[in-house]
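Have a look at work.txt below; it lists compact mmCIF, C-alpha atoms.
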```txt
# COMPACT_ATOMS: atom_id res chain seq x y z
CA LYS A 1 -60.26 -133.92 10.21
CA GLU A 2 -59.51 -130.47 8.86
CA SER A 3 -58.36 -127.73 11.23
CA ALA A 4 -60.72 -124.93 12.15
CA PRO A 5 -60.53 -121.87 9.83
CA ARG A 6 -58.13 -119.13 10.85
CA PRO A 7 -58.94 -115.40 10.85
CA GLU A 8 -57.81 -113.13 8.03
CA VAL A 9 -54.21 -112.03 8.51
CA THR A 10 -53.06 -108.41 8.62
CA LYS A 11 -49.37 -107.93 7.91
CA CYS A 12 -46.95 -105.10 8.60
CA GLU A 13 -43.58 -105.18 6.86
CA GLY A 14 -44.32 -108.81 5.99
CA VAL A 15 -44.94 -109.80 9.62
CA PRO A 16 -48.40 -111.09 10.74
CA MET A 17 -50.07 -108.74 13.23
CA PRO A 18 -52.66 -109.45 15.97
CA TYR A 19 -56.31 -108.34 15.89
CA PHE A 20 -55.67 -104.96 17.55
CA PHE A 21 -53.09 -103.69 15.02
CA ARG A 22 -53.96 -100.33 13.43
CA GLN A 23 -52.09 -98.96 10.44
CA ASP A 24 -53.01 -95.34 11.22
CA THR A 25 -51.50 -95.22 14.70
CA PHE A 26 -48.59 -97.41 13.61
CA ASP A 27 -47.74 -94.73 11.04
CA ILE A 28 -47.97 -92.03 13.72
CA TYR A 29 -45.67 -94.03 15.99
CA ARG A 30 -43.15 -94.63 13.21
CA ASN A 31 -42.97 -90.93 12.32
CA MET A 32 -43.28 -89.35 15.76
CA ASP A 33 -40.81 -86.75 17.00
CA VAL A 34 -38.63 -88.76 19.39
CA ARG A 35 -37.30 -86.85 22.41
CA GLU A 36 -33.84 -87.32 23.89
CA ASP A 37 -35.27 -88.81 27.09
CA ASP A 38 -37.90 -91.09 25.48
CA ILE A 39 -37.75 -94.77 26.45
CA ILE A 40 -38.73 -97.28 23.73
CA LEU A 41 -39.43 -100.78 25.09
CA SER A 42 -39.43 -103.52 22.43
CA SER A 43 -40.27 -106.94 23.82
CA GLY A 44 -41.23 -110.26 22.28
CA VAL A 45 -44.60 -111.86 23.09
CA LYS A 46 -44.57 -113.54 26.53
CA MET A 47 -40.98 -112.47 27.12
CA GLY A 48 -41.41 -110.18 30.12
CA THR A 49 -43.06 -107.06 28.71
CA THR A 50 -45.26 -106.47 31.77
CA TRP A 51 -42.45 -106.98 34.27
CA VAL A 52 -40.04 -104.64 32.48
CA ASN A 53 -42.80 -102.07 31.94
CA ARG A 54 -43.51 -102.04 35.70
CA ILE A 55 -39.81 -101.78 36.55
CA LEU A 56 -39.34 -98.85 34.18
CA ASN A 57 -42.39 -97.06 35.60
CA GLY A 58 -40.98 -97.50 39.07
CA LEU A 59 -37.64 -96.02 38.05
CA LEU A 60 -39.14 -93.20 35.99
CA HIS A 61 -42.17 -92.13 38.00
CA ASP A 62 -42.96 -94.07 41.18
CA PHE A 63 -39.87 -93.81 43.39
CA ASP A 64 -37.18 -91.25 44.16
CA GLU A 65 -33.46 -91.94 44.48
CA ASP A 66 -33.90 -92.95 48.12
CA GLY A 67 -36.62 -95.49 47.30
CA ASN A 68 -39.49 -93.38 48.65
CA THR A 69 -42.76 -93.20 46.72
CA SER A 70 -43.26 -90.10 44.62
CA LYS A 71 -46.33 -87.88 44.29
CA GLY A 72 -47.17 -89.68 41.06
CA TYR A 73 -46.99 -93.16 42.60
CA MET A 74 -49.37 -95.55 40.77
CA ASP A 75 -50.99 -92.62 38.96
CA ASP A 76 -53.02 -94.21 36.15
CA SER A 77 -54.24 -90.96 34.61
CA PHE A 78 -51.82 -91.32 31.70
CA PRO A 79 -50.81 -94.31 29.52
CA ASN A 80 -48.35 -97.08 30.33
CA ARG A 81 -48.58 -96.65 34.10
CA LEU A 82 -50.37 -99.75 35.40
CA GLY A 83 -50.17 -101.74 32.18
CA GLN A 84 -48.98 -101.49 28.58
CA SER A 85 -50.65 -99.06 26.19
CA TYR A 86 -49.48 -100.30 22.80
CA PRO A 87 -49.26 -97.43 20.29
CA GLU A 88 -50.37 -99.65 17.39
CA ALA A 89 -53.56 -100.67 19.23
CA MET A 90 -55.23 -97.42 20.27
CA PRO A 91 -57.24 -94.99 18.13
CA PRO A 92 -55.45 -91.80 17.04
CA THR A 93 -57.88 -89.38 18.75
CA ARG A 94 -61.13 -89.33 20.73
CA GLU A 95 -62.93 -88.10 17.62
CA VAL A 96 -61.81 -91.11 15.59
CA GLU A 97 -62.79 -93.35 18.49
CA ARG A 98 -66.28 -91.79 18.56
CA GLN A 99 -66.73 -92.25 14.81
CA GLU A 100 -65.68 -95.90 14.94
CA MET A 101 -68.00 -96.59 17.87
CA GLU A 102 -70.88 -95.17 15.83
CA GLN A 103 -69.89 -97.42 12.91
CA GLY A 104 -70.29 -100.55 15.00
CA GLU A 105 -66.71 -101.03 16.21
CA ASP A 106 -67.76 -100.81 19.87
CA LYS A 107 -67.02 -104.47 20.75
CA ARG A 108 -63.51 -104.37 19.31
CA MET A 109 -62.89 -101.01 20.97
CA GLU A 110 -64.04 -102.31 24.35
CA LEU A 111 -61.66 -105.26 24.04
CA VAL A 112 -58.76 -102.93 23.20
CA LYS A 113 -59.57 -100.71 26.20
CA LYS A 114 -59.75 -103.73 28.48
CA ASN A 115 -56.28 -104.86 27.43
CA PHE A 116 -54.47 -101.56 26.88
CA GLY A 117 -56.40 -98.92 28.84
CA ASP A 118 -58.82 -96.17 27.84
CA PHE A 119 -56.32 -94.00 25.97
CA THR A 120 -55.65 -92.59 22.50
CA MET A 121 -52.43 -92.09 20.57
CA ASP A 122 -52.72 -88.35 21.21
CA GLU A 123 -52.73 -89.02 24.94
CA LEU A 124 -49.82 -91.43 24.65
CA LEU A 125 -47.76 -88.72 22.96
CA ARG A 126 -48.71 -86.24 25.70
CA GLN A 127 -47.22 -88.36 28.49
CA PRO A 128 -45.06 -86.39 30.94
CA SER A 129 -41.35 -86.75 30.26
CA PRO A 130 -39.58 -89.08 30.30
CA ARG A 131 -42.13 -90.82 28.07
CA LEU A 132 -42.39 -94.61 27.90
CA PHE A 133 -43.53 -96.44 24.74
CA SER A 134 -44.03 -100.17 25.12
CA SER A 135 -45.04 -102.77 22.52
CA HIS A 136 -44.13 -105.97 20.69
CA LEU A 137 -43.08 -104.01 17.60
CA PHE A 138 -39.41 -104.53 16.80
CA GLY A 139 -36.56 -103.61 14.50
CA GLN A 140 -35.63 -100.65 12.37
CA LYS A 141 -38.67 -101.04 10.09
CA MET A 142 -41.27 -100.95 12.90
CA LEU A 143 -39.88 -98.73 15.65
CA PRO A 144 -39.77 -94.89 15.46
CA LYS A 145 -37.53 -93.77 12.61
CA LYS A 146 -35.75 -91.04 14.57
CA LEU A 147 -34.55 -93.63 17.06
CA PHE A 148 -32.18 -94.81 14.31
CA ASP A 149 -30.98 -91.47 12.90
CA GLY A 150 -27.33 -91.82 11.93
CA TRP A 151 -27.21 -95.60 12.21
CA GLU A 152 -25.10 -97.37 9.57
CA GLU A 153 -25.68 -100.48 7.47
CA ASP A 154 -23.16 -103.30 7.35
CA GLU A 155 -22.02 -103.86 3.75
CA ASN A 156 -21.69 -107.62 4.26
CA ASP A 157 -24.98 -108.71 5.81
CA GLY A 158 -27.23 -105.64 5.66
CA SER A 159 -27.58 -105.39 9.43
CA VAL A 160 -27.67 -101.94 11.05
CA PHE A 161 -25.57 -100.69 13.93
CA ASN A 162 -25.09 -97.48 15.91
CA GLY A 163 -22.37 -95.75 13.84
CA SER A 164 -18.70 -95.38 14.63
CA CYS A 165 -19.18 -91.89 16.08
CA GLY A 166 -21.32 -93.01 19.01
CA HIS A 167 -25.07 -92.66 19.59
CA LYS A 168 -26.72 -90.40 16.99
CA GLY A 169 -30.43 -91.19 17.13
CA LYS A 170 -32.75 -89.78 19.77
CA GLY A 171 -34.22 -91.70 22.69
CA ARG A 172 -33.19 -94.95 24.35
CA LEU A 173 -34.11 -98.44 23.14
CA ILE A 174 -34.59 -101.36 25.55
CA VAL A 175 -34.96 -104.80 23.95
CA VAL A 176 -36.31 -107.71 26.02
CA VAL A 177 -35.69 -111.27 24.86
CA ARG A 178 -36.31 -114.70 26.36
CA ASN A 179 -35.43 -118.26 25.44
CA PHE A 180 -37.81 -118.97 22.55
CA LYS A 181 -38.75 -122.42 23.85
CA ASP A 182 -39.78 -120.90 27.19
CA ALA A 183 -41.83 -118.24 25.41
CA LEU A 184 -43.58 -120.89 23.30
CA VAL A 185 -44.52 -122.92 26.40
CA SER A 186 -45.84 -119.74 28.04
CA LEU A 187 -47.95 -118.99 24.97
CA HIS A 188 -49.26 -122.57 24.90
CA HIS A 189 -50.60 -122.21 28.46
CA PHE A 190 -51.52 -118.51 28.21
CA ARG A 191 -55.29 -118.99 28.49
CA GLY A 192 -55.36 -122.54 29.80
CA VAL A 193 -54.39 -125.71 27.96
CA PRO A 194 -55.75 -125.35 24.40
CA LYS A 195 -58.07 -128.02 23.01
CA ASP A 196 -56.04 -128.37 19.83
CA GLY A 197 -52.84 -129.24 21.72
CA TRP A 198 -49.38 -128.69 20.32
CA TYR A 199 -49.84 -130.22 16.86
CA GLY A 200 -53.48 -129.53 16.04
CA ASN A 201 -56.69 -131.51 15.67
CA GLU A 202 -60.35 -130.91 14.81
CA HIS A 203 -60.43 -127.98 17.25
CA GLY A 204 -57.68 -125.95 15.60
CA PRO A 205 -54.15 -125.76 14.15
CA GLY A 206 -52.24 -126.37 17.41
CA SER A 207 -49.77 -124.22 19.27
CA PHE A 208 -46.85 -124.75 16.90
CA ARG A 209 -48.77 -123.36 13.93
CA ARG A 210 -50.62 -120.78 15.97
CA TRP A 211 -47.51 -119.21 17.47
CA VAL A 212 -44.65 -120.06 15.12
CA ASP A 213 -45.94 -120.02 11.52
CA LEU A 214 -44.52 -116.75 10.15
CA GLU A 215 -46.49 -116.96 6.91
CA ASP A 216 -50.05 -116.65 8.21
CA CYS A 217 -49.95 -116.77 12.00
CA THR A 218 -51.89 -113.81 13.42
CA ASN A 219 -50.08 -114.12 16.75
CA ALA A 220 -46.50 -114.52 15.47
```
Exercise: express the given structure as structure tokens:
Amino acid sequence: KESAPRPEVTKCEGVPMPYFFRQDTFDIYRNMDVREDDIILSSGVKMGTTWVNRILNGLLHDFDEDGNTSKGYMDDSFPNRLGQSYPEAMPPTREVERQEMEQGEDKRMELVKKNFGDFTMDELLRQPSPRLFSSHLFGQKMLPKKLFDGWEEDENDGSVFNGSCGHKGKGRLIVVVRNFKDALVSLHHFRGVPKDGWYGNEHGPGSFRRWVDLEDCTNA
């Protein structure tokens, strides 16, 4: 039997994006004014994003040097405190959010708020320093441009590296990776054992296609 139809794919820089991706806030994130003490967390799907986000919040805001809780301990009044607030998922401003709700986007907006908190990109940018930005976006073509100011390109393979004169870009980049096979198993069991199994059947394409197919996989 044929596999179930798959949703329309949105791509960014040739990479399939999930349902919550927004081009407008992605552009804001890419072009934002990076501060010297900004922390950019780039983590693969099911590779430890939540754990590292919590650890960073503890180091940045929740505890002092002696391990005592700070005044801002577990303060969820600003983004990225008790969970991830992906910049490419939230609306740019409250006004844009209001307009989209009136246009019938309320269900999608509610789902985004449930997963990433009731915040806007404006509010994410107004975090108290040191600011934390956490998402699954990766690489020089998706992360903030000013993070890579002064980086050089290798003439042989086109890869980029932090030039010979030391760090030149602003901010600090933390990259989280995990054994890909472990990440795939975690994705397979993410919301319970899927009906279409690993290889697909009448219920769907299967975990291999759903999570690995870089051509049209909305979760890749």
Checklist entry - Residues at most 9 Å from Asp27 (chain A), counting only C-alpha atoms, excluding those fewer than 5 positions away in the same chain, as a list of chain:residue names? => result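 The residues that qualify are A:Arg22, A:Met32, A:Glu88.
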Checklist entry - So which one's closest to Gly14 (chain A), A:Met142, A:Arg210, A:Asp66, A:Arg35? Using all atoms listed in the file, please. => result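 Of all the options, A:Met142 lies closest to Gly14 (chain A).
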Checklist entry - So which residues fall inside 12 Å of (-45.6, -91.7, 11.8) if we count only C-alpha atoms? Mind giving them as a ChimeraX atom specification? => result /A:23-34,87-88,92,121,125,141-146
Checklist entry - Ser129 (chain A): which residues within 10 Å, counting all atoms listed in the file, same-chain residues fewer than 4 positions away excluded, as a list in words? => result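 Everything that qualifies: Arg35, Glu36, Asp37, Asp38, Ile39, Leu60, His61 and Leu125 of chain A.
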Can you spit out the residues from that selection as an mmCIF file, in the coordinates of the input, using C-alpha atoms?
```cif
data_model
loop_
_atom_site.group_PDB
_atom_site.id
_atom_site.type_symbol
_atom_site.label_atom_id
_atom_site.label_comp_id
_atom_site.auth_asym_id
_atom_site.auth_seq_id
_atom_site.Cartn_x
_atom_site.Cartn_y
_atom_site.Cartn_z
ATOM 1 C CA ARG A 35 -37.300 -86.850 22.410
ATOM 2 C CA GLU A 36 -33.840 -87.320 23.890
ATOM 3 C CA ASP A 37 -35.270 -88.810 27.090
ATOM 4 C CA ASP A 38 -37.900 -91.090 25.480
ATOM 5 C CA ILE A 39 -37.750 -94.770 26.450
ATOM 6 C CA LEU A 60 -39.140 -93.200 35.990
ATOM 7 C CA HIS A 61 -42.170 -92.130 38.000
ATOM 8 C CA LEU A 125 -47.760 -88.720 22.960
#
```
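Take CA of Arg172 (chain A) and CA of Thr93 (chain A): the distance between them is 25.9 Å.
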Checklist entry - So how many Å separate CA of Leu82 (chain A) and CA of Gln127 (chain A), to one decimal? => result 13.7 Å
Item to check | Selected residue, from A:Phe63, A:Trp151, A:Val212, A:Asn179, that lies nearest to Val15 (chain A) when counting only C-alpha atoms | outcome: A:Val212
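Take the candidates A:His188, A:Lys114, A:Arg94, A:Arg108 and check each one against Tyr19 (chain A) using only C-alpha atoms; the shortest distance goes to A:Arg108.
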Item to check | Gap from CA of Gly67 (chain A) to CA of Ser85 (chain A) - Å, one decimal | outcome: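 Going from CA of Gly67 (chain A) over to CA of Ser85 (chain A) covers 25.6 Å.
Within 12 Å of region 109-113 of chain A there are Pro18, Tyr19, Phe20, Phe21, Arg22, Pro79, Gly83, Gln84, Ser85, Tyr86, Pro87, Glu88, Ala89, Met90, Pro91, Arg94, Val96, Glu97, Arg98, Gln99, Glu100, Met101, Glu102, Gln103, Phe119 and Thr120 of chain A, counting only C-alpha atoms and ignoring same-chain residues fewer than 6 positions away.
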Item to check | Top pick for closest residue to Cys12 (chain A), considering A:Phe78, A:Phe138, A:Phe190, A:Tyr199 and counting all atoms listed in the file | outcome: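 Closest to Cys12 (chain A) of all the choices is A:Phe138.
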